[in-house]
$ cat entry-v2.tsv   # TSV, C-alpha atoms
chain	number	residue	atom	x	y	z
A	1271	MET	CA	-109.49	-33.53	79.59
A	1272	ALA	CA	-106.97	-34.72	82.14
A	1273	ASP	CA	-109.64	-34.63	84.87
A	1274	ARG	CA	-111.93	-37.07	83.17
A	1275	HIS	CA	-113.63	-39.67	85.30
A	1276	PRO	CA	-111.73	-42.98	85.18
A	1277	LEU	CA	-114.83	-44.70	83.85
A	1278	PHE	CA	-115.34	-42.21	81.01
A	1279	MET	CA	-113.34	-44.07	78.37
A	1280	PRO	CA	-114.49	-47.56	79.42
A	1281	LEU	CA	-118.11	-46.43	79.17
A	1282	ILE	CA	-117.57	-44.89	75.72
A	1283	PHE	CA	-115.99	-48.19	74.67
A	1284	VAL	CA	-118.90	-50.27	76.01
A	1285	GLY	CA	-121.37	-47.98	74.25
A	1286	GLY	CA	-119.37	-48.46	71.05
A	1287	LEU	CA	-119.40	-52.24	71.51
A	1288	LEU	CA	-123.21	-52.31	71.76
A	1289	PHE	CA	-123.50	-49.93	68.83
A	1290	GLY	CA	-121.19	-52.01	66.64
A	1291	PHE	CA	-122.72	-55.33	67.69
A	1292	GLY	CA	-126.14	-53.96	66.73
A	1293	LEU	CA	-124.89	-52.82	63.32
A	1294	GLY	CA	-123.39	-56.27	62.72
A	1295	PHE	CA	-126.44	-58.19	63.98
A	1296	SER	CA	-128.84	-56.09	61.90
A	1297	HIS	CA	-126.67	-56.54	58.75
A	1298	MET	CA	-126.60	-52.77	58.30
A	1299	ALA	CA	-122.81	-53.24	58.22
A	1300	ARG	CA	-123.37	-54.95	54.85
A	1301	PRO	CA	-123.62	-52.46	51.94
A	1302	GLU	CA	-125.74	-54.95	49.98
A	1303	VAL	CA	-128.45	-54.86	52.66
A	1304	VAL	CA	-128.55	-51.05	52.63
A	1305	LEU	CA	-128.71	-51.05	48.82
A	1306	ASN	CA	-131.53	-53.63	48.91
A	1307	PHE	CA	-133.40	-51.27	51.19
A	1308	LEU	CA	-132.80	-48.21	48.99
A	1309	GLN	CA	-133.89	-50.26	45.96
A	1310	PHE	CA	-137.13	-51.24	47.72
A	1311	GLU	CA	-136.23	-54.94	47.86
A	1312	ASP	CA	-136.16	-55.27	51.66
A	1313	PHE	CA	-137.64	-52.65	53.97
A	1314	GLY	CA	-136.26	-54.20	57.15
A	1315	LEU	CA	-133.67	-51.46	57.55
A	1316	LEU	CA	-136.45	-49.11	58.65
A	1317	PHE	CA	-136.52	-51.10	61.88
A	1318	VAL	CA	-132.82	-50.49	62.51
A	1319	MET	CA	-133.07	-46.72	62.26
A	1320	GLY	CA	-136.56	-46.61	63.76
A	1321	GLY	CA	-135.73	-48.99	66.62
A	1322	ALA	CA	-132.59	-47.06	67.50
A	1323	ALA	CA	-134.36	-43.68	67.34
A	1324	VAL	CA	-137.16	-44.94	69.60
A	1325	VAL	CA	-134.64	-46.05	72.23
A	1326	THR	CA	-132.69	-42.78	72.13
A	1327	GLY	CA	-135.94	-40.80	72.01
A	1328	LEU	CA	-137.16	-42.42	75.21
A	1329	ALA	CA	-133.83	-41.87	76.94
A	1330	PHE	CA	-133.44	-38.26	75.79
A	1331	ALA	CA	-136.96	-37.51	77.06
A	1332	LEU	CA	-136.77	-39.37	80.38
A	1333	VAL	CA	-133.18	-39.10	81.62
A	1334	PRO	CA	-133.15	-35.29	81.96
A	1335	ARG	CA	-136.23	-35.55	84.19
A	1336	LEU	CA	-134.60	-38.10	86.48
A	1337	ARG	CA	-131.17	-36.51	86.81
A	1338	GLU	CA	-129.74	-33.12	86.18
A	1339	ARG	CA	-126.14	-33.98	85.38
A	1340	ALA	CA	-124.30	-36.88	83.80
A	1341	PRO	CA	-122.26	-38.74	86.45
A	1342	LEU	CA	-119.03	-39.10	84.45
A	1343	THR	CA	-118.75	-35.56	83.09
A	1344	GLY	CA	-120.93	-33.37	85.30
A	1345	ASP	CA	-122.52	-32.00	82.13
A	1346	THR	CA	-126.22	-31.24	82.05
A	1347	TYR	CA	-128.33	-33.51	79.88
A	1348	GLY	CA	-129.44	-31.94	76.64
A	1349	ARG	CA	-130.81	-33.02	73.32
A	1350	ARG	CA	-128.96	-33.11	70.02
A	1351	LEU	CA	-130.16	-29.90	68.45
A	1352	LYS	CA	-128.27	-28.33	65.56
A	1353	SER	CA	-129.08	-25.07	63.84
A	1354	PHE	CA	-130.76	-25.30	60.47
A	1355	ASP	CA	-129.28	-23.70	57.37
A	1356	ARG	CA	-128.87	-24.64	53.75
A	1357	ASN	CA	-125.78	-26.71	54.59
A	1358	VAL	CA	-128.10	-29.31	56.10
A	1359	LEU	CA	-129.77	-29.68	52.69
A	1360	ILE	CA	-126.60	-29.42	50.59
A	1361	GLY	CA	-124.59	-31.76	52.80
A	1362	GLY	CA	-127.53	-34.13	53.18
A	1363	ALA	CA	-127.92	-34.35	49.42
A	1364	ILE	CA	-124.19	-35.02	48.87
A	1365	PHE	CA	-124.26	-37.64	51.62
A	1366	GLY	CA	-127.38	-39.16	50.00
A	1367	VAL	CA	-125.63	-39.60	46.66
A	1368	GLY	CA	-122.67	-41.22	48.38
A	1369	TRP	CA	-124.84	-43.48	50.54
A	1370	GLY	CA	-126.99	-44.50	47.57
A	1371	LEU	CA	-123.90	-45.25	45.45
A	1372	SER	CA	-121.95	-47.20	48.07
A	1373	GLY	CA	-124.57	-48.49	50.54
A	1374	ILE	CA	-122.35	-47.51	53.46
A	1375	CYS	CA	-122.38	-44.74	56.07
A	1376	PRO	CA	-119.67	-43.95	58.65
A	1377	GLY	CA	-120.82	-46.00	61.67
A	1378	ALA	CA	-121.74	-48.97	59.49
A	1379	ALA	CA	-118.34	-48.75	57.78
A	1380	TYR	CA	-116.50	-49.10	61.10
A	1381	ALA	CA	-118.69	-52.09	61.97
A	1382	SER	CA	-118.21	-53.54	58.50
A	1383	LEU	CA	-114.47	-53.67	59.16
A	1384	GLY	CA	-115.25	-55.60	62.35
A	1385	VAL	CA	-117.25	-58.31	60.56
A	1386	GLY	CA	-114.20	-58.94	58.38
A	1387	ASN	CA	-115.05	-56.82	55.37
A	1388	VAL	CA	-111.58	-55.49	54.53
A	1389	THR	CA	-112.90	-54.25	51.17
A	1390	ILE	CA	-114.68	-51.51	53.14
A	1391	LEU	CA	-111.28	-49.85	53.58
A	1392	TRP	CA	-111.97	-48.33	50.15
A	1393	ALA	CA	-115.02	-46.59	51.61
A	1394	LEU	CA	-113.20	-45.56	54.78
A	1395	ALA	CA	-110.33	-44.14	52.75
A	1396	GLY	CA	-112.88	-42.27	50.65
A	1397	MET	CA	-114.59	-40.88	53.75
A	1398	PHE	CA	-111.32	-39.51	55.11
A	1399	VAL	CA	-110.49	-37.99	51.73
A	1400	GLY	CA	-113.95	-36.39	51.56
A	1401	ALA	CA	-113.80	-35.13	55.13
A	1402	TYR	CA	-110.34	-33.70	54.47
A	1403	VAL	CA	-111.33	-31.97	51.24
A	1404	GLN	CA	-114.35	-30.22	52.78
A	1405	GLY	CA	-112.42	-29.36	55.96
A	1406	TYR	CA	-109.48	-27.93	54.02
A	1407	TRP	CA	-111.78	-25.90	51.80
A	1408	ARG	CA	-113.89	-24.57	54.67
A	1409	SER	CA	-110.80	-23.76	56.78
A	1410	GLN	CA	-109.30	-21.74	53.92
A	1411	ARG	CA	-112.58	-19.93	53.34
A	1412	THR	CA	-112.97	-19.08	57.02
A	1413	ALA	CA	-109.39	-17.82	57.14
A	1414	SER	CA	-109.85	-15.57	54.13
A	1415	GLU	CA	-113.09	-14.18	55.53
A	1416	THR	CA	-111.74	-13.33	58.96
A	1417	SER	CA	-108.30	-11.98	58.09
A	1418	PRO	CA	-107.09	-9.48	55.47
A	1419	ALA	CA	-105.91	-10.97	52.22
A	1420	GLY	CA	-102.42	-12.36	52.37
A	1421	ALA	CA	-102.29	-12.48	56.16
A	1422	ASP	CA	-101.85	-16.26	56.06
B	253	MET	CA	-144.59	-60.13	65.18
B	254	GLY	CA	-145.81	-58.48	61.98
B	255	ALA	CA	-146.46	-61.70	60.08
B	256	GLU	CA	-149.88	-62.19	61.58
B	257	LEU	CA	-150.88	-58.57	61.25
B	258	ILE	CA	-150.62	-58.21	57.50
B	259	ALA	CA	-151.04	-60.65	54.62
B	260	PRO	CA	-148.15	-63.18	54.64
B	261	ALA	CA	-147.41	-62.65	50.94
B	262	LEU	CA	-147.11	-58.90	51.41
B	263	TYR	CA	-144.99	-59.36	54.51
B	264	GLU	CA	-142.70	-61.69	52.57
B	265	THR	CA	-142.37	-59.09	49.81
B	266	LEU	CA	-141.61	-56.19	52.12
B	267	PHE	CA	-139.44	-58.10	54.59
B	268	PRO	CA	-137.85	-61.11	52.84
B	269	ALA	CA	-135.36	-61.46	55.72
B	270	GLY	CA	-137.97	-60.89	58.44
B	271	ILE	CA	-137.80	-57.96	60.80
B	272	SER	CA	-136.39	-59.38	64.03
B	273	ARG	CA	-132.69	-59.11	63.18
B	274	TYR	CA	-133.26	-55.51	62.07
B	275	ALA	CA	-135.32	-54.55	65.11
B	276	VAL	CA	-132.99	-56.23	67.61
B	277	GLY	CA	-129.95	-54.69	65.94
B	278	GLY	CA	-131.59	-51.27	65.95
B	279	LEU	CA	-132.49	-51.52	69.63
B	280	LEU	CA	-128.85	-52.38	70.42
B	281	VAL	CA	-127.57	-49.47	68.36
B	282	GLY	CA	-129.92	-47.21	70.30
B	283	LEU	CA	-128.86	-48.78	73.59
B	284	GLY	CA	-125.20	-48.13	72.77
B	285	ALA	CA	-125.97	-44.45	72.20
B	286	VAL	CA	-128.06	-44.33	75.38
B	287	VAL	CA	-125.35	-45.89	77.55
B	288	ILE	CA	-122.97	-43.13	76.45
B	289	TYR	CA	-125.66	-40.48	76.91
B	290	ILE	CA	-126.60	-41.55	80.44
B	291	GLY	CA	-123.00	-41.69	81.59
B	292	THR	CA	-121.64	-38.61	79.86
B	293	GLY	CA	-124.54	-36.53	78.52
B	294	ILE	CA	-123.06	-36.83	75.01
B	295	PRO	CA	-125.45	-37.61	72.11
B	296	ALA	CA	-122.85	-39.37	69.98
B	297	GLY	CA	-122.54	-39.54	66.23
B	298	ALA	CA	-120.15	-41.59	64.12
B	299	SER	CA	-119.04	-39.19	61.39
B	300	THR	CA	-117.32	-36.52	63.53
B	301	PHE	CA	-114.61	-39.16	64.07
B	302	LEU	CA	-113.49	-38.55	60.48
B	303	GLU	CA	-112.68	-34.89	61.13
B	304	SER	CA	-111.58	-35.24	64.75
B	305	THR	CA	-109.06	-37.93	63.75
B	306	LEU	CA	-107.73	-35.72	60.95
B	307	SER	CA	-106.83	-33.19	63.67
B	308	TYR	CA	-103.96	-35.53	64.66
B	309	VAL	CA	-102.31	-34.96	61.27
B	310	SER	CA	-103.63	-31.63	60.01
B	311	GLU	CA	-103.47	-28.16	61.51
B	312	GLU	CA	-106.52	-26.90	59.59
B	313	SER	CA	-108.88	-24.98	61.88
B	314	ARG	CA	-111.83	-27.09	60.76
B	315	PHE	CA	-110.24	-30.19	62.29
B	316	GLN	CA	-108.56	-28.53	65.26
B	317	ARG	CA	-111.95	-27.57	66.72
B	318	TYR	CA	-112.45	-31.26	67.51
B	319	VAL	CA	-109.19	-31.70	69.46
B	320	GLY	CA	-111.07	-31.88	72.76
B	321	SER	CA	-113.16	-34.87	71.72
B	322	ARG	CA	-110.79	-36.68	69.37
B	323	ASP	CA	-109.50	-39.20	71.89
B	324	TRP	CA	-112.87	-40.53	72.98
B	325	ARG	CA	-114.10	-40.57	69.41
B	326	VAL	CA	-111.26	-42.94	68.56
B	327	VAL	CA	-112.31	-45.12	71.52
B	328	PHE	CA	-115.96	-45.02	70.37
B	329	THR	CA	-114.96	-46.13	66.86
B	330	LEU	CA	-112.72	-48.90	68.20
B	331	GLY	CA	-115.72	-50.01	70.27
B	332	ILE	CA	-117.90	-50.14	67.16
B	333	VAL	CA	-115.29	-52.25	65.36
B	334	GLY	CA	-114.93	-54.47	68.45
B	335	GLY	CA	-118.68	-54.94	68.84
B	336	ALA	CA	-118.92	-56.07	65.24
B	337	VAL	CA	-116.04	-58.52	65.86
B	338	ILE	CA	-117.98	-59.97	68.80
B	339	TYR	CA	-121.04	-60.32	66.56
B	340	ALA	CA	-118.88	-62.06	63.92
B	341	LEU	CA	-117.48	-64.41	66.55
B	342	ALA	CA	-120.87	-65.23	68.05
B	343	PHE	CA	-123.50	-65.17	65.30
B	344	GLN	CA	-121.68	-64.94	61.97
B	345	SER	CA	-119.47	-67.88	62.96
B	346	GLY	CA	-122.49	-69.81	64.24
B	347	LEU	CA	-121.18	-70.13	67.80
B	348	VAL	CA	-124.50	-68.75	69.00
B	349	SER	CA	-127.80	-68.99	67.18
B	350	SER	CA	-131.14	-67.37	67.83
B	351	GLY	CA	-134.60	-67.38	66.30
B	352	LEU	CA	-134.24	-63.63	66.18
B	353	TYR	CA	-131.23	-63.82	63.86
B	354	GLU	CA	-131.50	-64.36	60.10
B	355	SER	CA	-128.11	-65.05	58.52
B	356	GLY	CA	-128.76	-63.73	55.00
B	357	THR	CA	-127.22	-64.44	51.61
B	358	THR	CA	-125.42	-61.25	50.64
B	359	GLY	CA	-121.69	-61.06	49.90
B	360	GLN	CA	-119.44	-63.99	50.71
B	361	LEU	CA	-118.20	-65.67	53.86
B	362	TYR	CA	-114.63	-66.77	54.48
B	363	ASP	CA	-112.88	-68.45	57.36
B	364	VAL	CA	-109.85	-67.28	59.33
B	365	GLY	CA	-108.83	-69.54	62.19
B	366	GLY	CA	-112.37	-70.68	62.98
B	367	LEU	CA	-113.75	-67.16	62.81
B	368	THR	CA	-116.26	-66.71	59.99
B	369	LEU	CA	-115.76	-63.35	58.33
B	370	TRP	CA	-117.71	-61.60	55.60
B	371	LEU	CA	-116.75	-59.73	52.43
B	372	THR	CA	-118.90	-57.38	50.39
B	373	GLY	CA	-119.40	-57.92	46.68
B	374	VAL	CA	-120.01	-54.21	46.08
B	375	GLN	CA	-117.35	-52.93	43.72
B	376	PRO	CA	-114.45	-50.94	45.19
B	377	TRP	CA	-115.02	-47.91	42.91
B	378	ARG	CA	-118.55	-47.57	44.29
B	379	LEU	CA	-117.26	-47.82	47.86
B	380	PHE	CA	-114.47	-45.31	47.31
B	381	LEU	CA	-116.40	-42.73	45.30
B	382	GLY	CA	-119.43	-43.13	47.55
B	383	GLY	CA	-117.16	-42.84	50.57
B	384	VAL	CA	-115.70	-39.53	49.35
B	385	LEU	CA	-119.21	-38.10	48.96
B	386	VAL	CA	-120.24	-39.49	52.37
B	387	GLY	CA	-117.18	-37.83	53.91
B	388	ILE	CA	-117.99	-34.46	52.33
B	389	GLY	CA	-121.75	-34.62	52.79
B	390	THR	CA	-121.97	-35.79	56.40
B	391	ARG	CA	-119.57	-33.10	57.55
B	392	ILE	CA	-121.18	-30.26	55.61
B	393	GLY	CA	-124.66	-31.52	56.49
B	394	LYS	CA	-123.89	-31.63	60.25
B	395	GLY	CA	-124.47	-35.33	60.73
B	396	CYS	CA	-124.88	-38.83	59.39
B	397	THR	CA	-127.17	-41.78	59.90
B	398	SER	CA	-126.29	-41.99	63.59
B	399	GLY	CA	-125.94	-38.31	64.47
B	400	HIS	CA	-129.00	-37.08	62.58
B	401	GLY	CA	-130.80	-40.40	62.12
B	402	VAL	CA	-130.56	-41.86	65.61
B	403	CYS	CA	-129.64	-39.13	68.11
B	404	GLY	CA	-131.11	-36.19	66.19
B	405	VAL	CA	-134.42	-37.87	65.40
B	406	GLY	CA	-134.46	-39.18	68.99
B	407	SER	CA	-134.11	-35.54	70.07
B	408	ALA	CA	-137.06	-34.59	67.84
B	409	SER	CA	-134.70	-32.08	66.21
B	410	LYS	CA	-136.33	-30.45	63.17
B	411	THR	CA	-132.89	-29.94	61.61
B	412	SER	CA	-132.13	-33.64	61.91
B	413	ILE	CA	-135.52	-34.74	60.62
B	414	VAL	CA	-135.08	-32.52	57.55
B	415	GLY	CA	-131.53	-33.84	57.18
B	416	VAL	CA	-132.69	-37.47	57.31
B	417	ILE	CA	-135.50	-36.88	54.81
B	418	THR	CA	-132.99	-35.19	52.49
B	419	PHE	CA	-130.31	-37.87	52.55
B	420	LEU	CA	-132.79	-40.73	52.52
B	421	ALA	CA	-134.69	-39.38	49.51
B	422	VAL	CA	-131.50	-38.62	47.57
B	423	ALA	CA	-130.00	-42.01	48.48
B	424	ILE	CA	-133.12	-43.83	47.27
B	425	GLY	CA	-133.05	-41.89	44.00
B	426	THR	CA	-129.33	-42.56	43.54
B	427	ALA	CA	-129.57	-46.27	44.29
B	428	GLN	CA	-132.52	-46.62	41.89
B	429	VAL	CA	-130.62	-44.84	39.10
B	430	VAL	CA	-127.50	-46.92	39.69
B	431	MET	CA	-129.61	-50.10	39.58
B	432	ALA	CA	-131.41	-48.94	36.43
B	433	LEU	CA	-128.00	-48.39	34.80
B	434	GLY	CA	-127.32	-52.06	35.42
B	435	VAL	CA	-124.50	-51.59	37.95
B	436	SER	CA	-124.47	-54.60	40.27
B	437	PRO	CA	-123.37	-55.26	42.84

$ encode --input "entry-v2.tsv" --output "C-alpha cells"
Amino acid sequence: MADRHPLFMPLIFVGGLLFGFGLGFSHMARPEVVLNFLQFEDFGLLFVMGGAAVVTGLAFALVPRLRERAPLTGDTYGRRLKSFDRNVLIGGAIFGVGWGLSGICPGAAYASLGVGNVTILWALAGMFVGAYVQGYWRSQRTASETSPAGAD
Amino acid sequence: MGAELIAPALYETLFPAGISRYAVGGLLVGLGAVVIYIGTGIPAGASTFLESTLSYVSEESRFQRYVGSRDWRVVFTLGIVGGAVIYALAFQSGLVSSGLYESGTTGQLYDVGGLTLWLTGVQPWRLFLGGVLVGIGTRIGKGCTSGHGVCGVGSASKTSIVGVITFLAVAIGTAQVVMALGVSP
C-alpha cells in the first residue's frame, strides 16, 4: 500500500468524479426517477445502465489486448468475474426489494448526497446498518465453523 | 435519435424525459469506471465501500478483509459525491445548459448561496428500510448496480448477468406492489 504510484489516488478520484457527474446528469441519483423506471413510467434508465455497460464492455475487451499491465499498479488486466452460488440469487433478491422500495442503490446514493439531497442520509445510514448486520452475522458464522465451540 | 425511428407517441410514452440525458449520463458513468480500470486494472463497484469503511470501526473478519482497499474506496466515493456536486453547480443550477440535458420535475429544488440543490420527496422510512435491505443484499449478492450491472455485465460475467436479472425483476415487482398499495412518493 505504501508503494502505490503517486497518481493512484488522483486517478481514482477523477474516475469517481466522472462516475458521480454521470449519475447526477442522468438523474439516476434521484430515487423518483428510478422508481418511475421500475413502475414502467419512464424507461430511460435502461440507457444509463446499458450505456455504462457498453463503455466498460468495450474497455474490458480491448485494453487487455493493447497492454498487459496497468501502469499505476502493475496488475494484469482482468475482467470482473465472481463465482456463482445461491448467495447471488438470495442477495440479489434482498437488494431488489430494497431498491424497489427506496429507488436508491449505493453509487446513486453517494451521488444523491452530492446533488444536495440530504434526505438520502436515511438511505446511507440504512445501507451501513444492513452491511454491518450481514457482515457481523457472516463473521460469527465463519468463526464458529472454523474454530471449536467456545474458542472465541 | 430514437424519435424518428419509432412512432412519436410511443416514444413519448416510453421516454417522457427523452433519452439523451440518460445515455450521456450512462456513458460518463462507464467512462469513470474505465478511467480507473485503465490506470489500475481495478473493475470498481460502489457497494464494497460500505463494508470496507466499516473496517475502520469494526474488527469483524468480514470487514477486515477489505482493509487493503478501504482507503481508495473512500476516495472513490468522495469522487462520486464531488462529481455530483459539479453537476449540481453546472447543470442543476443552470450555469451550463445543453440540448442533451432535460431538467425534470421530480422532487424539489432549493437554493444555497447561488447553488441549486435538490431534495427527494420519497419518504424517509422507505429510504431507510430500503437502504438496510440494499446494504444486506448487495453484500451477500456480491455486487450492486455498478459492480454487477456495469462492470460485471461489461465483463460478460454470467454471475453478474444472473445477479442483475434477479435484482431488477425483484425491484420491479416490489415497486409495482408498493405503488399498488398507494404509497407515494

$ residues_around --input "entry-v2.tsv" --residues "Ile271 (chain B)" --least-positions-apart "6" --cutoff "12 Å" --atoms "only C-alpha atoms" --output "list in words"
Phe1295, Ser1296, His1297, Asp1312, Phe1313, Gly1314, Leu1315, Leu1316, Phe1317, Val1318, Gly1320 and Gly1321 of chain A; Met253, Gly254, Ala255, Tyr263, Glu264, Thr265, Gly277, Gly278, Gly351, Leu352, Tyr353 and Glu354 of chain B

$ residues_near_point --input "entry-v2.tsv" --point "(-131.4, -35.0, 51.9)" --cutoff "7 Å" --atoms "only C-alpha atoms" --output "list in words"
Leu1359, Gly1362, Ala1363 and Gly1366 of chain A; Gly415, Val416, Ile417, Thr418, Phe419, Leu420, Ala421 and Val422 of chain B

$ atom_distance --input "entry-v2.tsv" --atom1 "CA of Gly346 (chain B)" --atom2 "CA of Leu369 (chain B)"
11.0 Å

$ atom_distance --input "entry-v2.tsv" --atom1 "CA of Glu1311 (chain A)" --atom2 "CA of Gln360 (chain B)"
19.3 Å

$ residues_around --input "entry-v2.tsv" --residues "region 425-435 of chain B" --least-positions-apart "6" --cutoff "10 Å" --atoms "all atoms listed in the file" --output "list in words"
Val1304, Leu1305, Asn1306, Phe1307, Leu1308, Gln1309, Phe1310, Gly1366, Val1367, Gly1368, Trp1369, Gly1370, Leu1371, Ser1372 and Gly1373 of chain A; Val374, Gln375, Arg378 and Phe419 of chain B

$ closest_residue --input "entry-v2.tsv" --among "B:Ser412, B:Gln316, B:Thr329, B:Thr372" --to "Leu1287 (chain A)" --atoms "only C-alpha atoms"
B:Thr329

$ closest_residue --input "entry-v2.tsv" --among "A:Ala1299, A:Leu1391, A:Ser1382, A:Gly1285" --to "chain B" --atoms "all atoms listed in the file"
A:Gly1285

$ closest_residue --input "entry-v2.tsv" --among "A:Gly1286, A:Gly1405, A:Thr1346, A:Val1358" --to "Ala298 (chain B)" --atoms "all atoms listed in the file"
A:Gly1286

$ atom_distance --input "entry-v2.tsv" --atom1 "CA of Phe343 (chain B)" --atom2 "CA of Trp370 (chain B)"
11.8 Å

$ residues_around --input "entry-v2.tsv" --residues "Ile1390 (chain A)" --least-positions-apart "2" --cutoff "10 Å" --atoms "all atoms listed in the file" --output "number ranges by chain"
A: 1299-1301, 1372, 1374, 1378-1383, 1386-1388, 1392-1396; B: 371-372, 374-376, 379-380, 383

$ residues_around --input "entry-v2.tsv" --residues "Glu1338 (chain A)" --least-positions-apart "5" --cutoff "12 Å" --atoms "only C-alpha atoms" --output "list in words"
Leu1332, Val1333, Thr1343, Gly1344, Asp1345, Thr1346, Tyr1347 and Gly1348 of chain A; Ile290, Gly291, Thr292 and Gly293 of chain B

$ closest_residue --input "entry-v2.tsv" --among "A:Arg1335, A:Arg1408, A:His1275, A:Lys1352" --to "His400 (chain B)" --atoms "all atoms listed in the file"
A:Lys1352

$ closest_residue --input "entry-v2.tsv" --among "B:Val327, B:Leu262, B:Val384, B:Gly334" --to "Val1403 (chain A)" --atoms "all atoms listed in the file"
B:Val384
